[in-house]
>>> print(open('structure-v7.cif').read())   # mmCIF, C-alpha atoms
data_entry
loop_
_atom_site.label_atom_id
_atom_site.label_comp_id
_atom_site.auth_asym_id
_atom_site.auth_seq_id
_atom_site.Cartn_x
_atom_site.Cartn_y
_atom_site.Cartn_z
CA MET A 161 81.35 125.99 188.65
CA ALA A 162 82.85 122.48 188.59
CA TYR A 163 80.48 119.86 187.21
CA ASP A 164 80.53 116.10 187.68
CA PHE A 165 80.47 115.67 183.91
CA ASP A 166 81.10 117.78 180.82
CA LEU A 167 78.32 115.92 178.99
CA PHE A 168 75.50 113.83 180.41
CA VAL A 169 73.61 111.83 177.77
CA ILE A 170 70.12 110.50 178.51
CA GLY A 171 69.54 107.45 176.31
CA ALA A 172 71.96 104.82 175.04
CA GLY A 173 70.51 104.47 171.57
CA SER A 174 72.39 105.03 168.35
CA GLY A 175 72.62 108.82 168.60
CA GLY A 176 73.35 108.96 172.32
CA VAL A 177 76.07 106.34 172.19
CA ARG A 178 77.73 108.01 169.21
CA ALA A 179 77.73 111.41 170.92
CA ALA A 180 79.03 109.95 174.18
CA ARG A 181 81.82 107.87 172.63
CA PHE A 182 83.20 110.64 170.49
CA ALA A 183 82.88 113.29 173.17
CA ALA A 184 84.87 111.04 175.51
CA GLY A 185 87.39 110.47 172.72
CA PHE A 186 87.78 114.24 172.44
CA GLY A 187 88.71 114.39 176.11
CA ALA A 188 85.36 115.20 177.72
CA LYS A 189 84.13 113.59 180.93
CA VAL A 190 80.93 111.84 179.87
CA ALA A 191 78.09 109.85 181.44
CA VAL A 192 75.25 107.95 179.80
CA ALA A 193 72.06 106.91 181.58
CA GLU A 194 69.84 104.19 180.11
CA SER A 195 66.78 102.67 181.76
CA ARG A 196 65.94 99.98 179.19
CA TYR A 197 68.42 98.43 176.78
CA LEU A 198 71.71 99.43 175.25
CA GLY A 199 71.48 100.22 171.56
CA GLY A 200 68.03 101.79 171.70
CA THR A 201 65.12 101.04 169.40
CA CYS A 202 67.22 100.10 166.37
CA VAL A 203 69.21 97.33 168.02
CA ASN A 204 66.49 95.94 170.27
CA VAL A 205 63.02 96.48 168.77
CA GLY A 206 63.74 98.16 165.45
CA CYS A 207 65.85 97.86 162.36
CA VAL A 208 68.20 95.06 163.45
CA PRO A 209 65.69 92.43 164.67
CA LYS A 210 63.27 93.51 161.93
CA LYS A 211 65.89 92.84 159.24
CA LEU A 212 66.59 89.42 160.77
CA LEU A 213 62.88 88.59 160.56
CA VAL A 214 62.79 89.89 156.98
CA TYR A 215 65.63 87.52 156.12
CA GLY A 216 63.63 84.70 157.70
CA ALA A 217 60.52 85.55 155.71
CA HIS A 218 62.51 85.80 152.49
CA VAL A 219 63.67 82.19 152.77
CA ALA A 220 60.22 81.15 151.52
CA ASP A 221 60.97 82.97 148.24
CA GLU A 222 64.32 81.23 147.90
CA LEU A 223 62.70 77.84 148.44
CA GLU A 224 60.04 78.62 145.84
CA GLN A 225 62.66 79.65 143.29
CA ALA A 226 64.90 76.65 143.95
CA ALA A 227 62.87 74.24 141.83
CA GLY A 228 63.60 76.25 138.68
CA TYR A 229 67.29 75.68 139.30
CA GLY A 230 67.02 71.94 139.64
CA TRP A 231 66.72 71.64 143.39
CA SER A 232 64.17 69.14 144.66
CA LEU A 233 63.37 69.97 148.27
CA GLU A 234 61.19 68.25 150.80
CA GLU A 235 58.38 70.34 152.22
CA GLY A 236 59.93 72.83 154.60
CA HIS A 237 58.83 73.55 158.14
CA PHE A 238 59.20 76.93 159.81
CA ASP A 239 59.63 77.23 163.57
CA TRP A 240 58.93 80.69 164.98
CA GLY A 241 60.47 79.85 168.36
CA THR A 242 63.82 79.02 166.79
CA LEU A 243 63.92 82.27 164.83
CA ILE A 244 63.04 84.38 167.89
CA ALA A 245 65.53 82.57 170.13
CA ASN A 246 68.33 83.08 167.60
CA LYS A 247 67.31 86.71 167.18
CA ASN A 248 67.37 87.24 170.95
CA ARG A 249 70.86 85.76 171.19
CA GLU A 250 72.13 88.14 168.50
CA ILE A 251 70.53 91.16 170.21
CA GLU A 252 72.17 90.19 173.50
CA ARG A 253 75.51 90.02 171.70
CA LEU A 254 74.96 93.51 170.28
CA ASN A 255 73.95 94.84 173.72
CA GLY A 256 77.32 93.64 174.98
CA ILE A 257 79.12 95.33 172.10
CA TYR A 258 77.41 98.64 172.88
CA ARG A 259 78.35 98.30 176.55
CA ASN A 260 82.00 97.68 175.64
CA LEU A 261 82.03 100.60 173.19
CA LEU A 262 80.93 102.95 175.95
CA VAL A 263 83.01 101.60 178.81
CA ASN A 264 86.17 101.23 176.70
CA SER A 265 85.75 104.84 175.59
CA GLY A 266 85.91 105.99 179.19
CA VAL A 267 82.20 106.77 179.47
CA THR A 268 80.46 106.31 182.82
CA LEU A 269 77.44 104.07 182.18
CA LEU A 270 74.53 104.40 184.58
CA GLN A 271 71.74 101.82 184.43
CA GLY A 272 68.57 103.62 185.46
CA HIS A 273 66.04 106.30 184.58
CA ALA A 274 67.47 109.81 184.39
CA ARG A 275 65.31 112.77 185.31
CA ILE A 276 66.38 116.36 184.73
CA THR A 277 65.98 118.42 187.92
CA GLY A 278 67.53 121.67 186.75
CA ALA A 279 69.48 123.34 183.98
CA HIS A 280 72.64 121.43 184.94
CA GLU A 281 71.29 118.79 187.30
CA LEU A 282 69.95 115.26 186.96
CA GLU A 283 68.85 112.43 189.18
CA VAL A 284 69.35 108.72 188.45
CA GLU A 285 67.90 106.18 190.86
CA GLY A 286 68.10 108.67 193.74
CA GLN A 287 71.65 109.78 192.97
CA ARG A 288 72.21 113.40 191.91
CA TYR A 289 74.66 114.48 189.21
CA THR A 290 75.64 117.77 187.61
CA ALA A 291 76.71 118.37 184.02
CA GLU A 292 77.75 121.35 181.93
CA HIS A 293 75.77 119.98 178.97
CA ILE A 294 72.80 117.59 179.00
CA LEU A 295 71.90 115.72 175.81
CA ILE A 296 68.41 114.25 175.42
CA ALA A 297 68.53 111.19 173.13
CA THR A 298 65.58 109.20 174.42
CA GLY A 299 64.09 108.26 171.05
CA GLY A 300 60.48 107.42 170.27
CA TRP A 301 57.74 105.02 171.31
CA PRO A 302 54.91 103.37 169.32
CA GLN A 303 51.43 104.88 169.57
CA VAL A 304 48.08 103.06 169.42
CA PRO A 305 44.93 105.16 168.86
CA ASP A 306 42.66 105.54 171.85
CA ILE A 307 39.92 103.12 170.82
CA PRO A 308 37.97 100.54 172.86
CA GLY A 309 40.10 97.42 173.14
CA LYS A 310 43.42 99.16 172.35
CA ASP A 311 45.10 97.07 175.07
CA LEU A 312 44.39 93.95 173.02
CA ALA A 313 46.60 95.22 170.18
CA ILE A 314 50.38 94.95 169.95
CA THR A 315 53.07 97.18 168.43
CA SER A 316 56.56 96.54 167.10
CA ASN A 317 57.80 96.48 170.71
CA GLU A 318 55.84 93.31 171.44
CA ALA A 319 55.96 91.71 167.99
CA PHE A 320 59.60 90.67 168.39
CA TYR A 321 58.75 88.65 171.50
CA LEU A 322 55.55 86.83 170.52
CA LYS A 323 55.67 83.27 171.84
CA ASP A 324 54.00 81.89 168.71
CA LEU A 325 53.45 83.06 165.14
CA PRO A 326 49.79 84.13 164.88
CA ARG A 327 47.77 82.30 162.21
CA ARG A 328 45.82 85.43 161.23
CA VAL A 329 47.20 88.97 161.56
CA LEU A 330 45.66 92.39 161.01
CA VAL A 331 48.35 95.03 160.45
CA VAL A 332 47.08 98.60 160.85
CA GLY A 333 48.99 101.51 159.34
CA GLY A 334 50.34 102.88 156.09
CA GLY A 335 53.96 103.71 156.90
CA TYR A 336 57.08 101.68 156.30
CA ILE A 337 56.83 99.79 159.61
CA ALA A 338 53.33 98.55 158.75
CA VAL A 339 54.37 97.51 155.26
CA GLU A 340 57.49 95.73 156.51
CA PHE A 341 55.70 93.76 159.22
CA ALA A 342 52.87 92.81 156.89
CA GLY A 343 55.53 91.26 154.64
CA ILE A 344 57.20 89.52 157.58
CA PHE A 345 54.01 87.95 158.93
CA GLN A 346 52.81 86.88 155.50
CA GLY A 347 56.22 85.58 154.43
CA LEU A 348 56.45 83.42 157.55
CA GLY A 349 53.05 81.87 156.85
CA ALA A 350 50.41 83.98 158.59
CA ALA A 351 47.25 85.01 156.75
CA THR A 352 47.83 88.76 156.76
CA THR A 353 45.63 91.79 156.09
CA LEU A 354 47.00 95.32 155.90
CA LEU A 355 44.49 98.04 156.81
CA TYR A 356 45.18 101.68 156.04
CA ARG A 357 42.82 104.61 156.47
CA GLY A 358 44.17 106.41 153.36
CA ASP A 359 43.93 105.73 149.65
CA LEU A 360 47.44 104.25 149.30
CA PHE A 361 50.24 103.45 151.74
CA LEU A 362 53.74 105.00 152.04
CA ARG A 363 52.66 108.62 151.79
CA GLY A 364 55.64 110.79 150.88
CA PHE A 365 57.32 108.13 148.73
CA ASP A 366 57.40 108.40 144.94
CA GLY A 367 54.02 107.68 143.36
CA SER A 368 55.42 105.06 140.99
CA VAL A 369 57.05 103.27 143.92
CA ARG A 370 53.83 103.21 145.92
CA THR A 371 51.73 101.91 143.03
CA HIS A 372 54.30 99.32 141.98
CA LEU A 373 54.68 97.92 145.49
CA LYS A 374 50.91 97.70 145.86
CA GLU A 375 50.72 95.61 142.67
CA GLU A 376 53.54 93.31 143.77
CA LEU A 377 52.12 92.77 147.25
CA GLU A 378 48.76 91.87 145.74
CA LYS A 379 50.50 89.32 143.48
CA ARG A 380 51.88 87.73 146.64
CA GLY A 381 48.40 87.40 148.08
CA LEU A 382 48.63 90.06 150.76
CA ASP A 383 45.14 91.36 151.56
CA LEU A 384 45.34 95.14 151.16
CA GLN A 385 42.38 97.14 152.44
CA PHE A 386 42.62 100.90 151.94
CA ASN A 387 40.22 103.54 153.27
CA ALA A 388 39.65 101.20 156.19
CA ASP A 389 40.13 101.78 159.90
CA ILE A 390 39.30 99.98 163.15
CA GLN A 391 36.66 101.40 165.48
CA ARG A 392 37.00 98.88 168.31
CA ILE A 393 38.64 95.55 169.20
CA ASP A 394 36.93 92.82 171.23
CA LYS A 395 38.20 89.49 172.52
CA LEU A 396 36.09 86.47 171.61
CA GLU A 397 35.50 83.39 173.74
CA ASP A 398 38.02 81.31 171.80
CA GLY A 399 40.74 83.91 172.43
CA SER A 400 40.71 85.41 168.95
CA LEU A 401 40.15 89.11 168.34
CA LYS A 402 37.27 90.76 166.52
CA ALA A 403 38.05 94.10 164.88
CA THR A 404 34.99 96.20 164.08
CA LEU A 405 35.76 98.64 161.29
CA LYS A 406 34.33 102.14 160.99
CA ASP A 407 32.36 101.02 157.94
CA GLY A 408 30.63 98.34 160.05
CA ARG A 409 32.54 95.31 158.76
CA GLU A 410 34.01 92.81 161.21
CA LEU A 411 37.35 91.04 160.80
CA VAL A 412 38.57 88.22 163.06
CA ALA A 413 42.27 87.61 163.70
CA ASP A 414 44.63 86.18 166.28
CA CYS A 415 46.75 89.33 166.41
CA VAL A 416 46.11 93.02 165.73
CA PHE A 417 49.38 94.84 165.09
CA TYR A 418 49.42 98.66 165.11
CA ALA A 419 52.04 100.72 163.29
CA THR A 420 50.28 104.08 163.22
CA GLY A 421 53.06 106.37 164.31
CA ARG A 422 55.53 107.00 167.11
CA ARG A 423 55.72 109.70 169.76
CA PRO A 424 58.82 111.21 171.40
CA MET A 425 59.74 109.39 174.61
CA LEU A 426 59.65 112.21 177.17
CA ASP A 427 57.90 110.39 180.03
CA ASN A 428 59.04 111.54 183.48
CA LEU A 429 62.04 113.28 181.95
CA GLY A 430 61.62 116.39 184.09
CA LEU A 431 61.33 118.89 181.27
CA GLU A 432 59.04 120.95 183.48
CA ASN A 433 62.14 121.77 185.53
CA THR A 434 63.84 123.34 182.52
CA GLY A 435 63.23 125.92 179.84
CA VAL A 436 62.96 123.24 177.14
CA GLU A 437 60.05 123.84 174.78
CA LEU A 438 58.22 121.38 172.54
CA ASP A 439 57.09 122.13 169.00
CA GLU A 440 53.51 121.93 167.75
CA ARG A 441 53.89 118.16 167.14
CA GLY A 442 55.17 117.45 170.64
CA TYR A 443 58.84 116.98 169.74
CA VAL A 444 61.71 118.78 171.48
CA ARG A 445 62.32 122.10 169.75
CA VAL A 446 65.94 122.58 168.71
CA ASP A 447 67.90 124.94 166.48
CA ASP A 448 70.32 123.98 163.71
CA GLN A 449 72.93 123.01 166.30
CA TYR A 450 70.52 120.80 168.31
CA GLN A 451 70.32 123.39 171.07
CA THR A 452 66.99 123.43 172.90
CA THR A 453 65.41 126.57 174.30
CA ALA A 454 67.36 125.84 177.50
CA PRO A 455 71.01 126.84 176.79
CA SER A 456 72.62 123.89 178.61
CA ILE A 457 70.36 121.19 177.11
CA LEU A 458 70.58 119.66 173.64
CA ALA A 459 68.52 116.99 171.87
CA ILE A 460 69.04 114.67 168.89
CA GLY A 461 67.47 111.70 167.14
CA ASP A 462 63.84 110.65 167.01
CA VAL A 463 62.97 112.89 169.95
CA ILE A 464 63.39 116.01 167.77
CA GLY A 465 61.19 114.60 164.98
CA ARG A 466 63.33 115.48 161.96
CA VAL A 467 64.49 112.50 159.89
CA GLN A 468 63.84 109.49 162.11
CA LEU A 469 66.51 107.12 160.84
CA THR A 470 69.39 105.49 162.73
CA PRO A 471 72.18 106.84 160.46
CA VAL A 472 70.75 110.34 160.86
CA ALA A 473 70.81 110.05 164.66
CA LEU A 474 74.43 108.87 164.39
CA ALA A 475 75.32 111.90 162.28
CA GLU A 476 73.56 114.24 164.72
CA GLY A 477 75.37 112.67 167.68
CA MET A 478 78.69 113.14 165.92
CA ALA A 479 77.86 116.77 165.11
CA VAL A 480 77.05 117.54 168.76
CA ALA A 481 80.26 115.91 170.04
CA ARG A 482 82.38 117.79 167.54
CA ARG A 483 80.74 121.17 168.09
CA LEU A 484 81.09 120.98 171.86
CA PHE A 485 84.50 119.36 172.22
CA LYS A 486 86.30 119.44 168.85
CA PRO A 487 84.91 122.53 167.07
CA GLU A 488 87.63 122.57 164.42
CA GLN A 489 86.17 119.28 163.09
CA TYR A 490 82.52 120.38 163.27
CA ARG A 491 80.36 120.30 160.18
CA PRO A 492 76.57 120.42 160.09
CA VAL A 493 74.45 117.42 159.14
CA ASP A 494 73.26 117.54 155.52
CA TYR A 495 69.66 116.36 155.40
CA GLN A 496 69.53 116.41 151.59
CA ASN A 497 69.75 113.20 149.55
CA ILE A 498 69.54 110.76 152.46
CA PRO A 499 69.33 107.21 151.05
CA THR A 500 66.47 105.21 152.53
CA ALA A 501 65.34 101.59 152.32
CA VAL A 502 62.04 99.97 153.16
CA PHE A 503 62.48 96.24 153.78
CA SER A 504 59.17 95.26 152.31
CA GLN A 505 58.94 92.23 150.05
CA PRO A 506 60.04 93.24 147.48
CA PRO A 507 62.13 95.99 149.14
CA ILE A 508 62.31 99.68 148.27
CA GLY A 509 65.42 101.81 147.88
CA THR A 510 65.19 105.55 147.34
CA VAL A 511 67.39 108.64 147.42
CA GLY A 512 66.72 112.25 146.43
CA LEU A 513 63.49 113.86 145.28
CA THR A 514 60.37 112.02 144.27
CA GLU A 515 58.79 112.99 140.95
CA GLU A 516 56.08 114.81 142.87
CA GLN A 517 58.59 116.73 145.04
CA ALA A 518 60.64 117.73 142.01
CA LEU A 519 57.60 119.15 140.22
CA GLU A 520 56.40 120.90 143.37
CA ALA A 521 59.86 122.50 143.73
CA GLY A 522 59.50 123.97 140.25
CA HIS A 523 61.79 121.66 138.32
CA LYS A 524 61.02 120.75 134.75
CA VAL A 525 61.72 117.03 134.85
CA ASN A 526 62.48 114.13 132.57
CA VAL A 527 61.43 110.80 134.04
CA TYR A 528 63.11 107.51 133.10
CA GLU A 529 61.31 104.39 134.24
CA SER A 530 61.85 100.69 133.70
CA ARG A 531 59.91 97.64 134.85
CA PHE A 532 61.38 94.22 134.20
CA ARG A 533 61.40 90.66 135.44
CA ALA A 534 64.69 89.95 137.18
CA MET A 535 67.04 87.47 135.52
CA LYS A 536 66.94 85.24 138.60
CA LEU A 537 63.23 84.63 138.01
CA THR A 538 63.47 83.62 134.34
CA LEU A 539 63.81 79.92 135.22
CA THR A 540 60.82 80.09 137.56
CA ASP A 541 57.11 80.78 137.24
CA ILE A 542 57.33 83.84 139.49
CA GLN A 543 56.10 86.99 137.75
CA GLU A 544 57.42 89.64 140.16
CA LYS A 545 58.76 92.75 138.45
CA THR A 546 61.43 95.22 139.48
CA LEU A 547 60.92 98.98 139.15
CA MET A 548 63.77 101.43 138.55
CA LYS A 549 63.24 105.14 138.12
CA LEU A 550 65.32 108.27 137.63
CA VAL A 551 63.99 111.81 138.06
CA VAL A 552 66.19 114.25 136.13
CA ASP A 553 66.19 118.04 135.89
CA ALA A 554 65.48 118.69 132.19
CA GLN A 555 67.43 121.95 132.18
CA THR A 556 70.59 121.05 134.12
CA ASP A 557 70.62 117.27 133.44
CA LYS A 558 71.22 116.76 137.18
CA VAL A 559 69.77 113.55 138.61
CA LEU A 560 67.33 114.65 141.31
CA GLY A 561 66.07 111.26 142.49
CA CYS A 562 66.66 107.51 142.15
CA HIS A 563 63.97 105.02 143.14
CA MET A 564 63.81 101.23 143.06
CA VAL A 565 61.47 98.42 144.07
CA GLY A 566 63.06 95.00 143.78
CA PRO A 567 65.65 92.59 145.24
CA ASP A 568 68.66 94.25 146.89
CA ALA A 569 67.17 97.73 146.45
CA GLY A 570 68.72 98.96 149.69
CA GLU A 571 72.17 97.69 148.73
CA ILE A 572 71.99 99.26 145.27
CA ILE A 573 70.63 102.63 146.38
CA GLN A 574 73.53 103.17 148.81
CA GLY A 575 75.98 103.60 145.94
CA LEU A 576 73.60 105.87 144.08
CA GLY A 577 73.40 108.00 147.22
CA VAL A 578 77.08 108.83 146.74
CA ALA A 579 76.41 109.80 143.13
CA LEU A 580 73.56 112.15 144.04
CA LYS A 581 75.57 113.68 146.88
CA ALA A 582 78.29 114.40 144.33
CA GLY A 583 75.78 116.07 141.99
CA ALA A 584 75.86 113.48 139.19
CA THR A 585 74.15 114.22 135.88
CA LYS A 586 72.19 111.88 133.67
CA GLN A 587 75.01 112.04 131.14
CA GLN A 588 77.42 110.76 133.79
CA PHE A 589 75.02 107.91 134.56
CA ASP A 590 74.87 107.14 130.82
CA GLU A 591 78.66 107.17 130.48
CA THR A 592 79.14 104.79 133.42
CA ILE A 593 79.72 101.23 132.26
CA GLY A 594 77.32 98.76 133.84
CA VAL A 595 78.12 95.54 135.67
CA HIS A 596 76.62 92.79 133.53
CA PRO A 597 74.45 90.87 134.08
CA THR A 598 72.97 92.62 137.12
CA ALA A 599 69.78 94.46 137.90
CA ALA A 600 71.82 97.46 139.06
CA GLU A 601 73.12 98.13 135.53
CA GLU A 602 69.61 99.22 134.54
CA PHE A 603 70.27 102.52 136.32
CA VAL A 604 73.06 103.34 133.82
CA THR A 605 71.27 102.02 130.73
CA LEU A 606 68.00 103.97 131.00
CA ARG A 607 67.91 105.85 127.69
CA THR A 608 64.28 106.58 126.87
CA ILE A 609 62.32 109.33 128.57
CA THR A 610 59.11 107.86 129.93
CA ARG A 611 57.49 111.25 130.41
#
>>> encode(input="structure-v7.cif", output="structure tokens")
Amino acid sequence: MAYDFDLFVIGAGSGGVRAARFAAGFGAKVAVAESRYLGGTCVNVGCVPKKLLVYGAHVADELEQAAGYGWSLEEGHFDWGTLIANKNREIERLNGIYRNLLVNSGVTLLQGHARITGAHELEVEGQRYTAEHILIATGGWPQVPDIPGKDLAITSNEAFYLKDLPRRVLVVGGGYIAVEFAGIFQGLGAATTLLYRGDLFLRGFDGSVRTHLKEELEKRGLDLQFNADIQRIDKLEDGSLKATLKDGRELVADCVFYATGRRPMLDNLGLENTGVELDERGYVRVDDQYQTTAPSILAIGDVIGRVQLTPVALAEGMAVARRLFKPEQYRPVDYQNIPTAVFSQPPIGTVGLTEEQALEAGHKVNVYESRFRAMKLTLTDIQEKTLMKLVVDAQTDKVLGCHMVGPDAGEIIQGLGVALKAGATKQQFDETIGVHPTAAEEFVTLRTITR
């Protein structure tokens, strides 16, 4: 049977665009349908605008440190509207870049909602298309618990478009999005409280990292409330919001921001017309080659619920394009030792196993840990400390994990990701000459076993 397209991609986010571009480059006839914005979550309401807001919040730190270096500055004034307008202009520029990447690659771009109507059939805005392969790359969507007043809360989708910076913010959640936005709101001047229903945020991260970040955020004056959750939200006469907690306490704020998880975006996708199955968590079930339970349909990215990171979606998109249209270049995605950053303040960088994961996997480990005040702060009164940690297999000397909390953690951990991917040992770290004076050199000068 002759199809309209060799590959039809639903979703123009990072993974979908990568798969479409490279498939077209390999000679396939490709279409992409997108109903919202080009670039997906990351470019529009995720990592890119978030990082821009983090930069904005971090300026307050730079201004505070400036006095120690002889700079006398007049009292600064922050304007939320200017930051958001400049952010919007940059996102529009990136949308245009994504459009050009697709069109210049020979991809047919369809603006509209795609619905699967059969194993090889789709419908976009009333127009029917056929494809040999259909790729679902529709990403995820924020979730707010079903509590009274949930419509009064916002998520990351709305936070990037607030008209004004709220004076008082309640951030609800214990994952990296909650921690990052709590830092953004507080850094830009809002009185911020972070509520989390568990004992300590960032579950799954190394225990030393979680504890260290908690201590540093408390130094900055962020109100951390653990084992706390909201039962209902009510709007008061003056327009502010009253959050009633499950323990009976009441907190009043101008904004309640929820970052309590994301769900796969499968709304009106037409999966009922296919043999595609979902797993027990509600994500699209795929095999190691991103094949769903319907032979002609594949899925990648956040919608499959594996590692929900932009670079991972890119790698998955590349793997699909190669396997289908350039099999001699195909290689599977390696999900081991994926470097990760959390743009909290201070930020986290991590790659490899946590101490807890290493022990659970049966490794006998040597742990090397260092906490120090960064050189940049020595001429200031700021007492923030950086954490660096190595988890090493005591029998093989192989470095199993690298973890950092401190300035430029994400930049530093990227290079260490290469080292761990290459199987570096602690001896090789020790024999590497450091760049002096930098914080990064601490990773190659850790000599004493902490435990």
>>> resolve_selection(input="structure-v7.cif", expression="the PyMOL selection byres ((chain A and resi 580) around 8)", output="list in words")
Asn497, Val511, Gly512, Val559, Leu560, Gly561, Leu576, Gly577, Val578, Ala579, Lys581, Ala582, Gly583 and Ala584 of chain A
>>> residues_near_point(input="structure-v7.cif", point="(54.1, 90.6, 162.3)", cutoff="7 Å", atoms="all atoms listed in the file", output="PyMOL selection string")
chain A and resi 319+341-342+344-345+417
>>> residues_near_point(input="structure-v7.cif", point="(63.9, 92.3, 141.8)", cutoff="7 Å", atoms="all atoms listed in the file", output="count of residues only")
7
>>> resolve_selection(input="structure-v7.cif", expression="the PyMOL selection byres ((chain A and resi 490-492) around 9)", output="JSON, numbers by chain")
{"A": [448, 449, 475, 476, 478, 479, 480, 481, 482, 483, 484, 486, 487, 488, 489, 493, 494]}
>>> closest_residue(input="structure-v7.cif", among="A:Ala291, A:Cys562, A:Leu362, A:Ala419", to="Val332 of chain A", atoms="all atoms listed in the file")
A:Ala419
>>> resolve_selection(input="structure-v7.cif", expression="the PyMOL selection byres ((chain A and resi 407) around 12)", output="PDB file with C-alpha atoms, keeping the file's coordinate frame")
ATOM      1  CA  ARG A 357      42.820 104.610 156.470  1.00  0.00           C
ATOM      2  CA  PHE A 386      42.620 100.900 151.940  1.00  0.00           C
ATOM      3  CA  ASN A 387      40.220 103.540 153.270  1.00  0.00           C
ATOM      4  CA  ALA A 388      39.650 101.200 156.190  1.00  0.00           C
ATOM      5  CA  ASP A 389      40.130 101.780 159.900  1.00  0.00           C
ATOM      6  CA  ILE A 390      39.300  99.980 163.150  1.00  0.00           C
ATOM      7  CA  GLN A 391      36.660 101.400 165.480  1.00  0.00           C
ATOM      8  CA  ARG A 392      37.000  98.880 168.310  1.00  0.00           C
ATOM      9  CA  ALA A 403      38.050  94.100 164.880  1.00  0.00           C
ATOM     10  CA  THR A 404      34.990  96.200 164.080  1.00  0.00           C
ATOM     11  CA  LEU A 405      35.760  98.640 161.290  1.00  0.00           C
ATOM     12  CA  LYS A 406      34.330 102.140 160.990  1.00  0.00           C
ATOM     13  CA  GLY A 408      30.630  98.340 160.050  1.00  0.00           C
ATOM     14  CA  ARG A 409      32.540  95.310 158.760  1.00  0.00           C
ATOM     15  CA  GLU A 410      34.010  92.810 161.210  1.00  0.00           C
ATOM     16  CA  LEU A 411      37.350  91.040 160.800  1.00  0.00           C
TER      17      LEU A 411
END
>>> atom_distance(input="structure-v7.cif", atom1="atom CA of Ala217 of chain A", atom2="atom CA of Pro471 of chain A")
24.7 Å
>>> axis_aligned_box(input="structure-v7.cif", around="segment 185-196 of chain A", padding_each_side="6 Å", output="AutoDock Vina command-line options")
--center_x 77.3 --center_y 107.6 --center_z 177.1 --size_x 34.8 --size_y 27.2 --size_z 21.3
>>> residues_around(input="structure-v7.cif", residues="Gly522 of chain A", least_positions_apart="2", cutoff="12 Å", atoms="all atoms listed in the file", output="compact mmCIF listing (two decimals) with C-alpha atoms, in the frame of the given file")
# COMPACT_ATOMS: atom_id res chain seq x y z
CA LEU A 513 63.49 113.86 145.28
CA GLU A 515 58.79 112.99 140.95
CA GLU A 516 56.08 114.81 142.87
CA GLN A 517 58.59 116.73 145.04
CA ALA A 518 60.64 117.73 142.01
CA LEU A 519 57.60 119.15 140.22
CA GLU A 520 56.40 120.90 143.37
CA LYS A 524 61.02 120.75 134.75
CA VAL A 525 61.72 117.03 134.85
CA ASP A 553 66.19 118.04 135.89
CA ALA A 554 65.48 118.69 132.19
CA GLN A 555 67.43 121.95 132.18
>>> residues_around(input="structure-v7.cif", residues="segment 195-210 of chain A", least_positions_apart="4", cutoff="6 Å", atoms="all atoms listed in the file", output="ChimeraX atom specification")
/A:172-174,255,271-273,317
>>> residues_around(input="structure-v7.cif", residues="segment 363-378 of chain A", least_positions_apart="4", cutoff="8 Å", atoms="only C-alpha atoms", output="MDAnalysis selection string")
chainID A and resid 334:335 382:384 505:506 508 514:516 544:545 547 563:565
>>> atom_distance(input="structure-v7.cif", atom1="atom CA of Tyr528 of chain A", atom2="atom CA of Lys549 of chain A")
5.6 Å
>>> closest_residue(input="structure-v7.cif", among="A:Gln346, A:Arg328, A:Ala193, A:Gln588", to="Glu285 of chain A", atoms="only C-alpha atoms")
A:Ala193
>>> atom_distance(input="structure-v7.cif", atom1="atom CA of Glu235 of chain A", atom2="atom CA of Thr352 of chain A")
21.7 Å
>>> closest_residue(input="structure-v7.cif", among="A:Ser265, A:Ser530, A:Gln574, A:Thr510", to="Phe603 of chain A", atoms="all atoms listed in the file")
A:Ser530
>>> closest_residue(input="structure-v7.cif", among="A:Asp324, A:Phe165, A:Leu295, A:Gly278", to="Gln451 of chain A", atoms="all atoms listed in the file")
A:Leu295
>>> residues_around(input="structure-v7.cif", residues="Val304 of chain A", least_positions_apart="5", cutoff="10 Å", atoms="only C-alpha atoms", output="compact mmCIF listing (two decimals) with C-alpha atoms, keeping the file's coordinate frame")
# COMPACT_ATOMS: atom_id res chain seq x y z
CA LYS A 310 43.42 99.16 172.35
CA ASP A 311 45.10 97.07 175.07
CA ALA A 313 46.60 95.22 170.18
CA ILE A 314 50.38 94.95 169.95
CA THR A 315 53.07 97.18 168.43
CA VAL A 332 47.08 98.60 160.85
CA PHE A 417 49.38 94.84 165.09
CA TYR A 418 49.42 98.66 165.11
CA ALA A 419 52.04 100.72 163.29
CA THR A 420 50.28 104.08 163.22
CA GLY A 421 53.06 106.37 164.31
CA ARG A 422 55.53 107.00 167.11
>>> closest_residue(input="structure-v7.cif", among="A:Tyr163, A:Gly286, A:Tyr443, A:Ala245", to="Leu322 of chain A", atoms="all atoms listed in the file")
A:Ala245
